[in-house]
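Here's input_5.pdb, which has PDB, C-alpha atoms:
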```pdb
MODEL        1
ATOM      1  CA  MET A  21       0.000   0.000   0.000
ATOM      2  CA  TYR A  22       2.800   2.368   0.840
ATOM      3  CA  LEU A  23       4.459   1.971  -2.546
ATOM      4  CA  VAL A  24       1.205   2.399  -4.476
ATOM      5  CA  ASN A  25       0.357   5.482  -2.466
ATOM      6  CA  ARG A  26       3.859   6.933  -2.763
ATOM      7  CA  LEU A  27       4.610   6.143  -6.379
ATOM      8  CA  CYS A  28       1.159   6.796  -7.848
ATOM      9  CA  HIS A  29       0.582   9.977  -5.833
ATOM     10  CA  LEU A  30      -2.830   8.781  -4.675
ATOM     11  CA  LYS A  31      -4.769  10.083  -1.725
ATOM     12  CA  PHE A  32      -5.362   7.649   1.144
ATOM     13  CA  HIS A  33      -8.998   7.011   0.189
ATOM     14  CA  GLU A  34      -8.003   6.373  -3.447
ATOM     15  CA  THR A  35      -5.432   3.820  -2.327
ATOM     16  CA  ALA A  36      -8.044   2.197  -0.072
ATOM     17  CA  THR A  37     -10.388   1.883  -3.040
ATOM     18  CA  HIS A  38      -7.609   0.321  -5.119
ATOM     19  CA  PHE A  39      -6.995  -2.340  -2.441
ATOM     20  CA  VAL A  40     -10.727  -2.738  -1.721
ATOM     21  CA  VAL A  41     -10.503  -1.885   1.969
ATOM     22  CA  LYS A  42     -13.399  -0.250   3.788
ATOM     23  CA  THR A  43     -11.503   2.514   5.530
ATOM     24  CA  TYR A  44      -8.554   4.630   4.565
ATOM     25  CA  GLY A  45      -7.254   4.362   8.134
ATOM     26  CA  ILE A  46      -5.652   1.069   7.159
ATOM     27  CA  VAL A  47      -3.818   2.843   4.354
ATOM     28  CA  CYS A  48      -2.745   5.645   6.710
ATOM     29  CA  TRP A  49      -1.225   3.108   9.080
ATOM     30  CA  ALA A  50       0.503   1.222   6.269
ATOM     31  CA  CYS A  51       1.914   4.406   4.768
ATOM     32  CA  LEU A  52       2.875   6.348   7.844
ATOM     33  CA  CYS A  53       4.024   3.595  10.176
ATOM     34  CA  ALA A  54       5.255   0.833   7.926
ATOM     35  CA  GLY A  55       6.557   2.706   4.893
ATOM     36  CA  LEU A  56       8.009   5.833   6.431
ATOM     37  CA  GLY A  57       9.276   3.983   9.478
ATOM     38  CA  LYS A  58      11.093   1.463   7.339
ATOM     39  CA  GLN A  59      12.672   4.234   5.265
ATOM     40  CA  THR A  60      14.220   5.794   8.344
ATOM     41  CA  THR A  61      15.544   2.492   9.697
ATOM     42  CA  ASP A  62      16.533   0.792   6.435
ATOM     43  CA  PRO A  63      18.494   2.952   3.972
ATOM     44  CA  ARG A  64      18.354   0.178   1.356
ATOM     45  CA  PHE A  65      14.551   0.301   1.390
ATOM     46  CA  LYS A  66      14.601   4.079   0.957
ATOM     47  CA  LYS A  67      17.021   3.809  -1.956
ATOM     48  CA  ARG A  68      14.889   1.098  -3.568
ATOM     49  CA  VAL A  69      11.750   3.264  -3.318
ATOM     50  CA  GLU A  70      13.618   6.163  -4.917
ATOM     51  CA  GLN A  71      14.878   3.895  -7.719
ATOM     52  CA  GLU A  72      11.389   2.552  -8.407
ATOM     53  CA  ALA A  73       9.966   6.081  -8.455
ATOM     54  CA  THR A  74      12.608   7.113 -10.995
ATOM     55  CA  LEU A  75      11.881   4.087 -13.187
ATOM     56  CA  ILE A  76       8.153   4.797 -13.154
ATOM     57  CA  LYS A  77       8.676   8.471 -13.985
ATOM     58  CA  ASP A  78      11.045   7.579 -16.831
ATOM     59  CA  PHE A  79       8.598   5.000 -18.190
ATOM     60  CA  SER A  80       5.695   7.452 -18.005
ATOM     61  CA  LEU A  81       7.726  10.126 -19.771
ATOM     62  CA  SER A  82       8.891   7.801 -22.550
ATOM     63  CA  ARG A  83       5.364   6.493 -23.038
ATOM     64  CA  SER A  84       3.872   9.986 -23.288
ATOM     65  CA  LEU A  85       6.555  10.986 -25.796
ATOM     66  CA  SER A  86       5.891   7.916 -27.942
ATOM     67  CA  LEU A  87       2.159   8.671 -28.027
ATOM     68  CA  ASN A  88       2.788  12.138 -29.467
TER      69      ASN A  88
ENDMDL
END
```

What do you get writing this file as structure tokens?
Amino acid sequence: MYLVNRLCHLKFHETATHFVVKTYGIVCWACLCAGLGKQTTDPRFKKRVEQEATLIKDFSLSRSLSLN
């Protein structure tokens, strides 16, 4: 949930809808406690998230350029 929320720039309720959960509180916990907490304690996880975000941005950019 954290990665979907972070990399897709979704709001908590949008992420909850994507994962078919009834409340966005579950997403808040997953994002704030699990994701952000792990980034501060595990530098490899933080670097991996940054790498994935870069790959997704590059893919989105190349796809939009190829459609034009």

Subject >> Separation of CA of Pro63 in chain A from CA of Leu23 in chain A, in Å and rounded to one decimal >> reply: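 Interatomic distance here is 15.5 Å.
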
Subject >> Spatial neighbours of range 25-34 of chain A, 8 Å, only C-alpha atoms, chain gap at least 4 places, as a list in words >> reply: Met21, His38, Thr43, Tyr44, Gly45, Val47, Cys48, Cys51, Glu72, Ala73 and Ile76 of chain A

Write to file, as a PDB file, keeping the file's coordinate frame, the residues of the selection just made, with C-alpha atoms.
```pdb
ATOM      1  CA  MET A  21       0.000   0.000   0.000  1.00  0.00           C
ATOM      2  CA  HIS A  38      -7.609   0.321  -5.119  1.00  0.00           C
ATOM      3  CA  THR A  43     -11.503   2.514   5.530  1.00  0.00           C
ATOM      4  CA  TYR A  44      -8.554   4.630   4.565  1.00  0.00           C
ATOM      5  CA  GLY A  45      -7.254   4.362   8.134  1.00  0.00           C
ATOM      6  CA  VAL A  47      -3.818   2.843   4.354  1.00  0.00           C
ATOM      7  CA  CYS A  48      -2.745   5.645   6.710  1.00  0.00           C
ATOM      8  CA  CYS A  51       1.914   4.406   4.768  1.00  0.00           C
ATOM      9  CA  GLU A  72      11.389   2.552  -8.407  1.00  0.00           C
ATOM     10  CA  ALA A  73       9.966   6.081  -8.455  1.00  0.00           C
ATOM     11  CA  ILE A  76       8.153   4.797 -13.154  1.00  0.00           C
TER      12      ILE A  76
END
```

**OP:** For CA of Gln59 in chain A and CA of Tyr22 in chain A, quote the distance in Å rounded to one decimal.
**Re:**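 A separation of 11.0 Å between them.
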
**OP:** Rounded to one decimal place, report the CA of Val69 in chain A-CA of Leu52 in chain A distance in Å.
**Re:** 14.6 Å
